[in-house]
$ cat final-v1.pdb   # PDB, C-alpha atoms
ATOM      1  CA  MET A 411     -30.714  30.711 107.779
ATOM      2  CA  ILE A 412     -27.416  32.546 108.314
ATOM      3  CA  ILE A 413     -26.727  35.868 106.599
ATOM      4  CA  ASN A 414     -23.055  36.691 106.228
ATOM      5  CA  HIS A 415     -23.077  40.365 107.169
ATOM      6  CA  PRO A 416     -20.308  42.280 105.317
ATOM      7  CA  LEU A 417     -19.147  43.963 108.545
ATOM      8  CA  LEU A 418     -20.223  41.696 111.394
ATOM      9  CA  GLY A 419     -19.810  38.230 109.890
ATOM     10  CA  PRO A 420     -22.364  35.415 110.081
ATOM     11  CA  CYS A 421     -25.621  36.495 111.762
ATOM     12  CA  ASP A 422     -28.833  34.563 112.363
ATOM     13  CA  ALA A 423     -31.676  35.552 110.006
ATOM     14  CA  GLN A 424     -33.809  36.006 113.160
ATOM     15  CA  GLU A 425     -31.978  39.314 113.705
ATOM     16  CA  PHE A 426     -33.150  40.665 110.339
ATOM     17  CA  THR A 427     -36.396  41.874 108.844
ATOM     18  CA  TYR A 428     -37.174  41.479 105.159
ATOM     19  CA  LEU A 429     -38.368  44.323 102.971
ATOM     20  CA  GLY A 430     -38.519  42.951  99.420
ATOM     21  CA  ASP A 431     -37.036  43.374  95.961
ATOM     22  CA  ALA A 432     -33.785  45.393  95.960
ATOM     23  CA  ARG A 433     -35.165  47.239  92.912
ATOM     24  CA  LEU A 434     -36.735  49.589  95.497
ATOM     25  CA  ILE A 435     -33.342  51.343  95.532
ATOM     26  CA  GLU A 436     -33.941  52.371  91.915
ATOM     27  CA  ARG A 437     -36.538  55.001  92.720
ATOM     28  CA  PRO A 438     -37.421  56.979  89.589
ATOM     29  CA  ASP A 439     -37.012  60.728  89.235
ATOM     30  CA  GLY A 440     -40.401  62.231  90.101
ATOM     31  CA  MET A 441     -39.712  65.358  88.028
ATOM     32  CA  ALA A 442     -38.798  63.537  84.785
ATOM     33  CA  ASP A 443     -41.120  63.040  81.805
ATOM     34  CA  GLY A 444     -43.275  59.942  82.192
ATOM     35  CA  ALA A 445     -42.791  59.946  85.971
ATOM     36  CA  ALA A 446     -46.332  58.663  86.634
ATOM     37  CA  ALA A 447     -45.779  55.539  84.529
ATOM     38  CA  ALA A 448     -42.307  55.043  85.994
ATOM     39  CA  PHE A 449     -43.741  55.246  89.527
ATOM     40  CA  PHE A 450     -46.518  52.806  88.627
ATOM     41  CA  ASP A 451     -43.858  50.300  87.580
ATOM     42  CA  TYR A 452     -41.729  51.092  90.615
ATOM     43  CA  ALA A 453     -44.549  50.740  93.129
ATOM     44  CA  TYR A 454     -46.550  47.829  91.733
ATOM     45  CA  LEU A 455     -44.580  45.679  89.304
ATOM     46  CA  ARG A 456     -42.191  43.038  90.604
ATOM     47  CA  GLU A 457     -40.362  40.149  89.035
ATOM     48  CA  ASN A 458     -40.991  36.936  90.929
ATOM     49  CA  PRO A 459     -38.073  34.808  89.784
ATOM     50  CA  ALA A 460     -37.606  31.142  90.584
ATOM     51  CA  GLY A 461     -33.865  31.416  91.138
ATOM     52  CA  GLU A 462     -31.578  34.313  91.947
ATOM     53  CA  HIS A 463     -33.318  37.258  93.576
ATOM     54  CA  ARG A 464     -31.846  40.484  94.979
ATOM     55  CA  GLU A 465     -33.574  41.446  98.215
ATOM     56  CA  LEU A 466     -33.400  44.171 100.851
ATOM     57  CA  TRP A 467     -32.869  42.977 104.406
ATOM     58  CA  PHE A 468     -32.639  45.182 107.521
ATOM     59  CA  HIS A 469     -30.357  44.190 110.405
ATOM     60  CA  GLU A 470     -32.879  45.405 112.944
ATOM     61  CA  GLN A 471     -31.443  43.597 115.982
ATOM     62  CA  GLY A 472     -27.839  44.335 115.031
ATOM     63  CA  ASP A 473     -26.216  47.428 113.574
ATOM     64  CA  ARG A 474     -29.423  48.501 111.744
ATOM     65  CA  SER A 475     -27.749  48.442 108.356
ATOM     66  CA  TRP A 476     -29.678  47.805 105.155
ATOM     67  CA  LEU A 477     -28.284  44.937 103.101
ATOM     68  CA  VAL A 478     -28.751  43.757  99.532
ATOM     69  CA  VAL A 479     -28.869  39.956  99.775
ATOM     70  CA  THR A 480     -28.710  37.921  96.562
ATOM     71  CA  ARG A 481     -30.547  34.697  97.315
ATOM     72  CA  ASN A 482     -31.638  31.696  95.290
ATOM     73  CA  THR A 483     -35.359  31.317  95.943
ATOM     74  CA  LEU A 484     -35.285  27.650  94.910
ATOM     75  CA  THR A 485     -32.420  26.470  97.115
ATOM     76  CA  HIS A 486     -32.332  29.328  99.708
ATOM     77  CA  ASP A 487     -28.602  29.627  99.049
ATOM     78  CA  ILE A 488     -27.261  33.101  99.761
ATOM     79  CA  ILE A 489     -24.914  34.061  96.934
ATOM     80  CA  SER A 490     -23.754  37.505  98.029
ATOM     81  CA  VAL A 491     -24.410  40.125 100.688
ATOM     82  CA  GLU A 492     -23.590  43.809 100.259
ATOM     83  CA  LEU A 493     -24.343  46.967 102.205
ATOM     84  CA  ALA A 494     -27.270  48.669 100.453
ATOM     85  CA  ARG A 495     -25.428  51.949 100.854
ATOM     86  CA  ASP A 496     -22.554  50.668  98.718
ATOM     87  CA  VAL A 497     -25.007  49.450  96.050
ATOM     88  CA  ALA A 498     -26.799  52.817  96.022
ATOM     89  CA  ARG A 499     -23.525  54.722  95.848
ATOM     90  CA  ARG A 500     -22.405  52.693  92.838
ATOM     91  CA  GLN A 501     -25.570  53.922  91.141
ATOM     92  CA  GLY A 502     -24.711  57.519  92.073
ATOM     93  CA  ARG A 503     -27.599  57.709  94.546
ATOM     94  CA  SER A 504     -25.749  58.952  97.617
ATOM     95  CA  ALA A 505     -22.850  61.260  98.329
TER      96      ALA A 505
ATOM     97  CA  MET B  72     -38.315  72.543 143.814
ATOM     98  CA  HIS B  73     -39.952  69.245 144.550
ATOM     99  CA  ASP B  74     -38.029  67.062 146.924
ATOM    100  CA  LEU B  75     -37.773  63.954 144.744
ATOM    101  CA  THR B  76     -35.849  60.824 145.608
ATOM    102  CA  PRO B  77     -33.860  59.395 142.709
ATOM    103  CA  LEU B  78     -34.575  55.728 141.986
ATOM    104  CA  THR B  79     -32.449  53.302 140.030
ATOM    105  CA  ALA B  80     -33.825  51.564 136.928
ATOM    106  CA  LEU B  81     -34.919  48.580 139.054
ATOM    107  CA  GLY B  82     -36.952  50.940 141.242
ATOM    108  CA  SER B  83     -35.071  51.087 144.525
ATOM    109  CA  GLY B  84     -32.921  53.738 146.163
ATOM    110  CA  ALA B  85     -29.706  51.760 145.857
ATOM    111  CA  PRO B  86     -28.388  49.682 142.941
ATOM    112  CA  GLN B  87     -29.111  45.971 143.210
ATOM    113  CA  THR B  88     -26.431  43.277 143.230
ATOM    114  CA  ASP B  89     -27.112  39.552 142.857
ATOM    115  CA  THR B  90     -24.505  36.862 143.377
ATOM    116  CA  ILE B  91     -25.355  33.500 141.839
ATOM    117  CA  GLY B  92     -22.667  30.840 142.019
ATOM    118  CA  PRO B  93     -19.453  32.411 140.705
ATOM    119  CA  VAL B  94     -21.293  35.255 138.925
ATOM    120  CA  THR B  95     -22.117  38.721 140.240
ATOM    121  CA  ILE B  96     -24.774  40.768 138.412
ATOM    122  CA  SER B  97     -24.740  44.425 139.468
ATOM    123  CA  GLU B  98     -26.911  47.270 138.340
ATOM    124  CA  ASN B  99     -24.721  50.275 137.527
ATOM    125  CA  PRO B 100     -26.650  53.565 137.684
ATOM    126  CA  ASP B 101     -23.636  55.879 137.529
ATOM    127  CA  SER B 102     -22.697  55.636 133.878
ATOM    128  CA  ALA B 103     -23.762  58.201 131.273
ATOM    129  CA  LEU B 104     -24.362  56.985 127.715
ATOM    130  CA  VAL B 105     -24.142  59.297 124.707
ATOM    131  CA  SER B 106     -24.503  58.370 121.040
ATOM    132  CA  VAL B 107     -22.242  59.978 118.447
ATOM    133  CA  ALA B 108     -23.240  59.648 114.783
ATOM    134  CA  ALA B 109     -20.838  61.158 112.262
ATOM    135  CA  ARG B 110     -22.465  63.345 109.618
ATOM    136  CA  LEU B 111     -22.039  62.624 105.922
ATOM    137  CA  GLY B 112     -18.538  63.512 104.716
ATOM    138  CA  GLN B 113     -17.298  64.122 108.283
ATOM    139  CA  GLU B 114     -16.665  60.485 109.215
ATOM    140  CA  ALA B 115     -12.854  60.598 109.353
ATOM    141  CA  ALA B 116     -12.725  63.985 111.101
ATOM    142  CA  CYS B 117     -15.298  62.818 113.648
ATOM    143  CA  ALA B 118     -13.321  59.652 114.399
ATOM    144  CA  ARG B 119     -10.180  61.770 114.920
ATOM    145  CA  VAL B 120     -11.866  64.152 117.377
ATOM    146  CA  LEU B 121     -13.503  61.227 119.184
ATOM    147  CA  ALA B 122     -10.089  59.584 119.515
ATOM    148  CA  ALA B 123      -8.675  62.796 120.992
ATOM    149  CA  ILE B 124     -11.529  62.930 123.535
ATOM    150  CA  LEU B 125     -11.147  59.266 124.506
ATOM    151  CA  GLY B 126      -7.345  59.191 124.460
ATOM    152  CA  VAL B 127      -7.459  55.983 122.373
ATOM    153  CA  PRO B 128      -8.479  55.380 118.729
ATOM    154  CA  ALA B 129     -12.245  55.325 118.097
ATOM    155  CA  PRO B 130     -13.485  51.709 118.131
ATOM    156  CA  ASP B 131     -13.618  49.795 114.874
ATOM    157  CA  VAL B 132     -16.449  47.461 113.802
ATOM    158  CA  ALA B 133     -17.875  45.518 116.782
ATOM    159  CA  GLN B 134     -15.151  46.851 119.090
ATOM    160  CA  PHE B 135     -15.141  48.461 122.515
ATOM    161  CA  VAL B 136     -12.324  50.697 123.776
ATOM    162  CA  GLN B 137     -11.682  52.126 127.224
ATOM    163  CA  GLY B 138      -9.779  55.389 127.645
ATOM    164  CA  ALA B 139      -8.659  56.976 130.909
ATOM    165  CA  THR B 140     -12.156  58.081 131.939
ATOM    166  CA  LEU B 141     -14.459  57.415 128.980
ATOM    167  CA  GLY B 142     -15.140  54.250 127.005
ATOM    168  CA  ALA B 143     -16.759  53.908 123.594
ATOM    169  CA  PHE B 144     -18.235  51.117 121.490
ATOM    170  CA  TRP B 145     -19.179  50.755 117.842
ATOM    171  CA  THR B 146     -22.917  50.598 117.158
ATOM    172  CA  ALA B 147     -23.095  51.033 113.366
ATOM    173  CA  GLN B 148     -20.942  52.402 110.563
ATOM    174  CA  HIS B 149     -19.616  55.781 111.743
ATOM    175  CA  CYS B 150     -21.791  55.601 114.881
ATOM    176  CA  TRP B 151     -20.557  55.059 118.407
ATOM    177  CA  MET B 152     -21.821  55.102 121.984
ATOM    178  CA  VAL B 153     -19.629  56.831 124.549
ATOM    179  CA  ASP B 154     -20.018  55.729 128.157
ATOM    180  CA  GLY B 155     -18.435  56.881 131.375
ATOM    181  CA  PRO B 156     -19.039  59.067 134.400
ATOM    182  CA  ASP B 157     -21.306  62.044 133.699
ATOM    183  CA  ASP B 158     -19.685  65.478 133.614
ATOM    184  CA  PRO B 159     -20.953  67.078 136.854
ATOM    185  CA  GLN B 160     -21.083  70.622 135.424
ATOM    186  CA  ALA B 161     -22.188  70.493 131.807
ATOM    187  CA  GLY B 162     -23.117  66.840 131.246
ATOM    188  CA  LEU B 163     -21.210  64.409 129.075
ATOM    189  CA  SER B 164     -23.316  65.011 125.959
ATOM    190  CA  ALA B 165     -22.819  68.793 126.107
ATOM    191  CA  ARG B 166     -19.085  68.284 126.480
ATOM    192  CA  LEU B 167     -18.949  65.939 123.470
ATOM    193  CA  LYS B 168     -21.142  68.258 121.383
ATOM    194  CA  ALA B 169     -18.886  71.219 122.213
ATOM    195  CA  GLU B 170     -15.867  69.335 120.877
ATOM    196  CA  LEU B 171     -17.520  67.612 117.895
ATOM    197  CA  GLY B 172     -19.597  70.595 116.695
ATOM    198  CA  ASP B 173     -21.196  69.981 113.297
ATOM    199  CA  MET B 174     -19.144  66.832 112.635
ATOM    200  CA  ALA B 175     -21.622  64.615 114.438
ATOM    201  CA  SER B 176     -25.089  64.326 115.905
ATOM    202  CA  VAL B 177     -24.720  63.824 119.648
ATOM    203  CA  THR B 178     -27.601  62.491 121.752
ATOM    204  CA  ASP B 179     -27.693  61.883 125.483
ATOM    205  CA  GLN B 180     -29.174  58.399 125.945
ATOM    206  CA  SER B 181     -28.333  57.928 129.640
ATOM    207  CA  VAL B 182     -31.934  57.758 130.858
ATOM    208  CA  GLY B 183     -33.006  55.377 128.063
ATOM    209  CA  TRP B 184     -30.814  52.490 129.145
ATOM    210  CA  VAL B 185     -30.089  50.322 132.137
ATOM    211  CA  ARG B 186     -26.597  48.988 132.654
ATOM    212  CA  PHE B 187     -25.773  45.668 134.273
ATOM    213  CA  ASP B 188     -22.165  44.656 134.950
ATOM    214  CA  LEU B 189     -21.482  40.923 135.137
ATOM    215  CA  GLN B 190     -18.353  39.493 136.669
ATOM    216  CA  GLY B 191     -17.125  36.014 137.466
ATOM    217  CA  ASP B 192     -16.146  32.805 135.717
ATOM    218  CA  GLY B 193     -18.295  31.080 133.112
ATOM    219  CA  LEU B 194     -19.984  34.189 131.712
ATOM    220  CA  GLY B 195     -19.528  32.911 128.160
ATOM    221  CA  VAL B 196     -21.740  29.925 129.000
ATOM    222  CA  LEU B 197     -24.288  32.264 130.540
ATOM    223  CA  PHE B 198     -24.522  34.478 127.452
ATOM    224  CA  GLU B 199     -24.820  31.475 125.171
ATOM    225  CA  ARG B 200     -28.165  30.861 126.882
ATOM    226  CA  LEU B 201     -29.228  34.486 126.644
ATOM    227  CA  CYS B 202     -28.452  35.665 123.119
ATOM    228  CA  ASN B 203     -27.489  34.788 119.572
ATOM    229  CA  LEU B 204     -23.914  36.019 119.829
ATOM    230  CA  ASP B 205     -21.104  33.602 119.183
ATOM    231  CA  MET B 206     -19.206  34.004 122.451
ATOM    232  CA  ALA B 207     -16.158  32.200 121.020
ATOM    233  CA  ARG B 208     -15.883  35.129 118.569
ATOM    234  CA  MET B 209     -16.335  37.767 121.288
ATOM    235  CA  PRO B 210     -12.847  38.348 122.725
ATOM    236  CA  THR B 211     -12.140  41.088 125.275
ATOM    237  CA  GLY B 212     -12.778  44.423 123.610
ATOM    238  CA  SER B 213     -15.795  43.238 121.597
ATOM    239  CA  ALA B 214     -19.176  44.945 121.594
ATOM    240  CA  ARG B 215     -22.244  43.689 119.764
ATOM    241  CA  ARG B 216     -25.936  44.374 119.730
ATOM    242  CA  SER B 217     -28.221  41.384 120.042
ATOM    243  CA  VAL B 218     -31.544  40.252 121.459
ATOM    244  CA  ILE B 219     -31.841  39.135 125.085
ATOM    245  CA  GLU B 220     -35.345  38.089 126.160
ATOM    246  CA  HIS B 221     -36.880  39.903 123.121
ATOM    247  CA  LEU B 222     -35.026  43.107 124.084
ATOM    248  CA  GLY B 223     -32.404  44.762 121.881
ATOM    249  CA  CYS B 224     -29.304  44.971 124.109
ATOM    250  CA  PHE B 225     -25.664  45.882 123.736
ATOM    251  CA  VAL B 226     -23.253  43.255 125.081
ATOM    252  CA  LEU B 227     -19.720  44.491 125.828
ATOM    253  CA  HIS B 228     -16.858  42.180 126.725
ATOM    254  CA  ARG B 229     -14.720  44.304 129.028
ATOM    255  CA  ASP B 230     -11.500  43.477 130.773
ATOM    256  CA  GLY B 231     -12.643  41.197 133.595
ATOM    257  CA  GLY B 232     -16.338  41.005 132.813
ATOM    258  CA  TYR B 233     -19.283  41.822 130.608
ATOM    259  CA  THR B 234     -21.579  44.821 130.472
ATOM    260  CA  VAL B 235     -25.157  44.664 129.194
ATOM    261  CA  TYR B 236     -26.997  47.822 128.186
ATOM    262  CA  GLY B 237     -30.727  47.221 127.771
ATOM    263  CA  PRO B 238     -33.849  49.371 127.481
ATOM    264  CA  ARG B 239     -34.469  51.010 130.845
ATOM    265  CA  SER B 240     -38.250  50.653 130.658
ATOM    266  CA  SER B 241     -37.727  46.860 130.585
ATOM    267  CA  ALA B 242     -35.019  46.830 133.258
ATOM    268  CA  GLN B 243     -36.827  44.344 135.491
ATOM    269  CA  SER B 244     -37.528  41.941 132.609
ATOM    270  CA  LEU B 245     -33.874  42.066 131.557
ATOM    271  CA  HIS B 246     -32.700  41.609 135.149
ATOM    272  CA  HIS B 247     -35.064  38.637 135.516
ATOM    273  CA  ALA B 248     -33.643  37.082 132.323
ATOM    274  CA  LEU B 249     -30.043  37.509 133.515
ATOM    275  CA  VAL B 250     -30.752  36.114 136.985
ATOM    276  CA  THR B 251     -32.846  33.204 135.663
ATOM    277  CA  ALA B 252     -30.155  32.233 133.145
ATOM    278  CA  ALA B 253     -27.470  32.442 135.848
ATOM    279  CA  ARG B 254     -29.521  30.196 138.172
ATOM    280  CA  SER B 255     -30.010  27.655 135.394
ATOM    281  CA  VAL B 256     -26.263  27.545 134.657
ATOM    282  CA  PHE B 257     -24.798  27.676 138.195
TER     283      PHE B 257
END

$ encode --input "final-v1.pdb" --output "structure tokens"
Amino acid sequence: MIINHPLLGPCDAQEFTYLGDARLIERPDGMADGAAAAFFDYAYLRENPAGEHRELWFHEQGDRSWLVVTRNTLTHDIISVELARDVARRQGRSA
Amino acid sequence: MHDLTPLTALGSGAPQTDTIGPVTISENPDSALVSVAARLGQEAACARVLAAILGVPAPDVAQFVQGATLGAFWTAQHCWMVDGPDDPQAGLSARLKAELGDMASVTDQSVGWVRFDLQGDGLGVLFERLCNLDMARMPTGSARRSVIEHLGCFVLHRDGGYTVYGPRSSAQSLHHALVTAARSVF
């Protein structure tokens, strides 16, 4: 499998490690009301779609960037690749 | 003071050189290596100061640049490695830190890495056997990190040759991989 890194171009999937659902970026506010329930959802509940899935991949043997890879779990097609930092910033999660 | 004899990464008193066919693989113990990671919000300022230190613009994605005395290569977004002769008085890292101040985190990595310089014809074919990198997309001035013999290494395409930086504690394994690949090609 080839992952088209947004900065470095096509890279072999062997260079990456997989973390899981990109929803991990959406960490809830621990000080808000209902934080315990929100953290239960965040830590334990995952969608397991047959189709498009947004995943976190780490370019461990490259530039060590975190990527959000949108992948079709049925066909293994990779639909889009973004830097996780850019995704987090769009959500107002980083300066 | 103890009277200690400095050893190179391969464990002898003098750097080792192997010539295999048209290729020369030489251990280079004289280069200092310092990482520079720009701090949040200081990226542009850090790149400007780094460019002033190098005498050439700071390298862009997957690039390597060589200034008058120091070179630098891109390792990640807003992170670079600076290599070159160590500053005999203060040390290269102290000199960079003095100029960059709070714009960047500066770490001396000289003793963590072993450097091999490879020269000769047909090096592209050699590296195709060693790592994942697409050598056709690695023109002079490129620098990438990849895996050679299970070791995370930086591969730099310099003017007239390649440089490999690998983990110093695995220097002999990396050297063995380079020599074995060269013997299988030439």

$ interface_residues --input "final-v1.pdb" --of "chain B" --to "chain A" --cutoff "12 Å" --atoms "all atoms listed in the file" --output "mmCIF file with C-alpha atoms, in the coordinates of the input"
data_model
loop_
_atom_site.group_PDB
_atom_site.id
_atom_site.type_symbol
_atom_site.label_atom_id
_atom_site.label_comp_id
_atom_site.auth_asym_id
_atom_site.auth_seq_id
_atom_site.Cartn_x
_atom_site.Cartn_y
_atom_site.Cartn_z
ATOM 1 C CA ARG B 110 -22.465 63.345 109.618
ATOM 2 C CA LEU B 111 -22.039 62.624 105.922
ATOM 3 C CA GLY B 112 -18.538 63.512 104.716
ATOM 4 C CA GLN B 113 -17.298 64.122 108.283
ATOM 5 C CA ASP B 131 -13.618 49.795 114.874
ATOM 6 C CA VAL B 132 -16.449 47.461 113.802
ATOM 7 C CA ALA B 133 -17.875 45.518 116.782
ATOM 8 C CA GLN B 134 -15.151 46.851 119.090
ATOM 9 C CA PHE B 144 -18.235 51.117 121.490
ATOM 10 C CA TRP B 145 -19.179 50.755 117.842
ATOM 11 C CA THR B 146 -22.917 50.598 117.158
ATOM 12 C CA ALA B 147 -23.095 51.033 113.366
ATOM 13 C CA GLN B 148 -20.942 52.402 110.563
ATOM 14 C CA HIS B 149 -19.616 55.781 111.743
ATOM 15 C CA CYS B 150 -21.791 55.601 114.881
ATOM 16 C CA TRP B 151 -20.557 55.059 118.407
ATOM 17 C CA CYS B 202 -28.452 35.665 123.119
ATOM 18 C CA ASN B 203 -27.489 34.788 119.572
ATOM 19 C CA LEU B 204 -23.914 36.019 119.829
ATOM 20 C CA ASP B 205 -21.104 33.602 119.183
ATOM 21 C CA ARG B 208 -15.883 35.129 118.569
ATOM 22 C CA MET B 209 -16.335 37.767 121.288
ATOM 23 C CA SER B 213 -15.795 43.238 121.597
ATOM 24 C CA ALA B 214 -19.176 44.945 121.594
ATOM 25 C CA ARG B 215 -22.244 43.689 119.764
ATOM 26 C CA ARG B 216 -25.936 44.374 119.730
ATOM 27 C CA SER B 217 -28.221 41.384 120.042
ATOM 28 C CA VAL B 218 -31.544 40.252 121.459
ATOM 29 C CA ILE B 219 -31.841 39.135 125.085
ATOM 30 C CA HIS B 221 -36.880 39.903 123.121
ATOM 31 C CA LEU B 222 -35.026 43.107 124.084
ATOM 32 C CA GLY B 223 -32.404 44.762 121.881
ATOM 33 C CA CYS B 224 -29.304 44.971 124.109
ATOM 34 C CA PHE B 225 -25.664 45.882 123.736
ATOM 35 C CA VAL B 226 -23.253 43.255 125.081
#

$ residues_near_point --input "final-v1.pdb" --point "(-36.4, 32.5, 106.2)" --cutoff "12 Å" --atoms "all atoms listed in the file" --output "PyMOL selection string"
chain A and resi 411-413+422-428+467+481-483+485-488

$ write_last_selection --input "final-v1.pdb" --atoms "C-alpha atoms" --output "PDB file, in the coordinates of the input"
ATOM      1  CA  MET A 411     -30.714  30.711 107.779  1.00  0.00           C
ATOM      2  CA  ILE A 412     -27.416  32.546 108.314  1.00  0.00           C
ATOM      3  CA  ILE A 413     -26.727  35.868 106.599  1.00  0.00           C
ATOM      4  CA  ASP A 422     -28.833  34.563 112.363  1.00  0.00           C
ATOM      5  CA  ALA A 423     -31.676  35.552 110.006  1.00  0.00           C
ATOM      6  CA  GLN A 424     -33.809  36.006 113.160  1.00  0.00           C
ATOM      7  CA  GLU A 425     -31.978  39.314 113.705  1.00  0.00           C
ATOM      8  CA  PHE A 426     -33.150  40.665 110.339  1.00  0.00           C
ATOM      9  CA  THR A 427     -36.396  41.874 108.844  1.00  0.00           C
ATOM     10  CA  TYR A 428     -37.174  41.479 105.159  1.00  0.00           C
ATOM     11  CA  TRP A 467     -32.869  42.977 104.406  1.00  0.00           C
ATOM     12  CA  ARG A 481     -30.547  34.697  97.315  1.00  0.00           C
ATOM     13  CA  ASN A 482     -31.638  31.696  95.290  1.00  0.00           C
ATOM     14  CA  THR A 483     -35.359  31.317  95.943  1.00  0.00           C
ATOM     15  CA  THR A 485     -32.420  26.470  97.115  1.00  0.00           C
ATOM     16  CA  HIS A 486     -32.332  29.328  99.708  1.00  0.00           C
ATOM     17  CA  ASP A 487     -28.602  29.627  99.049  1.00  0.00           C
ATOM     18  CA  ILE A 488     -27.261  33.101  99.761  1.00  0.00           C
TER      19      ILE A 488
END

$ closest_residue --input "final-v1.pdb" --among "B:Asp192, B:Glu199, B:Asp154, B:Asp230" --to "Val107 in chain B" --atoms "all atoms listed in the file"
B:Asp154

$ residues_around --input "final-v1.pdb" --residues "Leu429 in chain A" --least-positions-apart "4" --cutoff "12 Å" --atoms "all atoms listed in the file" --output "ChimeraX atom specification"
/A:433-435,464-470,476-479

$ resolve_selection --input "final-v1.pdb" --expression "the PyMOL selection byres ((chain B and resi 155-168) around 10)" --output "PyMOL selection string"
chain B and resi 100-107+120-121+124+137-143+153-154+169-181

$ atom_distance --input "final-v1.pdb" --atom1 "CA of Gly92 in chain B" --atom2 "CA of Leu245 in chain B"
19.0 Å

$ residues_near_point --input "final-v1.pdb" --point "(-16.6, 46.0, 124.9)" --cutoff "6 Å" --atoms "only C-alpha atoms" --output "list in words"
Phe135, Gly212, Ser213, Ala214, Leu227, His228 and Arg229 of chain B

$ resolve_selection --input "final-v1.pdb" --expression "the PyMOL selection byres ((chain B and resi 250) around 12)" --output "PyMOL selection string"
chain B and resi 87-92+94-98+187+189+197-198+200-201+220+243-249+251-257

$ closest_residue --input "final-v1.pdb" --among "A:Asp439, A:Pro416, A:Ala446, A:Tyr452" --to "Arg503 in chain A" --atoms "only C-alpha atoms"
A:Asp439

$ closest_residue --input "final-v1.pdb" --among "A:Gly502, A:Asp431, A:His415, A:Asp496" --to "Pro459 in chain A" --atoms "only C-alpha atoms"
A:Asp431

$ axis_aligned_box --input "final-v1.pdb" --around "range 184-187 of chain B" --padding-each-side "6 Å" --output "lines of an AutoDock Vina configuration file"
center_x = -28.3
center_y = 49.1
center_z = 131.7
size_x = 17.0
size_y = 18.8
size_z = 17.1

$ closest_residue --input "final-v1.pdb" --among "A:Gly430, A:Arg499, A:Leu493, A:Asp443" --to "Asn458 in chain A" --atoms "all atoms listed in the file"
A:Gly430

$ atom_distance --input "final-v1.pdb" --atom1 "CA of Arg437 in chain A" --atom2 "CA of Tyr454 in chain A"
12.4 Å

$ resolve_selection --input "final-v1.pdb" --expression "the PyMOL selection byres ((chain B and resi 185) around 9)" --output "ChimeraX atom specification"
/B:79-81,98-100,181-184,186-187,235-242

$ write_last_selection --input "final-v1.pdb" --atoms "C-alpha atoms" --output "compact mmCIF listing (two decimals), keeping the file's coordinate frame"
# COMPACT_ATOMS: atom_id res chain seq x y z
CA THR B 79 -32.45 53.30 140.03
CA ALA B 80 -33.83 51.56 136.93
CA LEU B 81 -34.92 48.58 139.05
CA GLU B 98 -26.91 47.27 138.34
CA ASN B 99 -24.72 50.28 137.53
CA PRO B 100 -26.65 53.56 137.68
CA SER B 181 -28.33 57.93 129.64
CA VAL B 182 -31.93 57.76 130.86
CA GLY B 183 -33.01 55.38 128.06
CA TRP B 184 -30.81 52.49 129.15
CA ARG B 186 -26.60 48.99 132.65
CA PHE B 187 -25.77 45.67 134.27
CA VAL B 235 -25.16 44.66 129.19
CA TYR B 236 -27.00 47.82 128.19
CA GLY B 237 -30.73 47.22 127.77
CA PRO B 238 -33.85 49.37 127.48
CA ARG B 239 -34.47 51.01 130.84
CA SER B 240 -38.25 50.65 130.66
CA SER B 241 -37.73 46.86 130.58
CA ALA B 242 -35.02 46.83 133.26

$ closest_residue --input "final-v1.pdb" --among "B:Ala118, B:Thr234, B:Gly193, B:His73" --to "Pro130 in chain B" --atoms "all atoms listed in the file"
B:Ala118
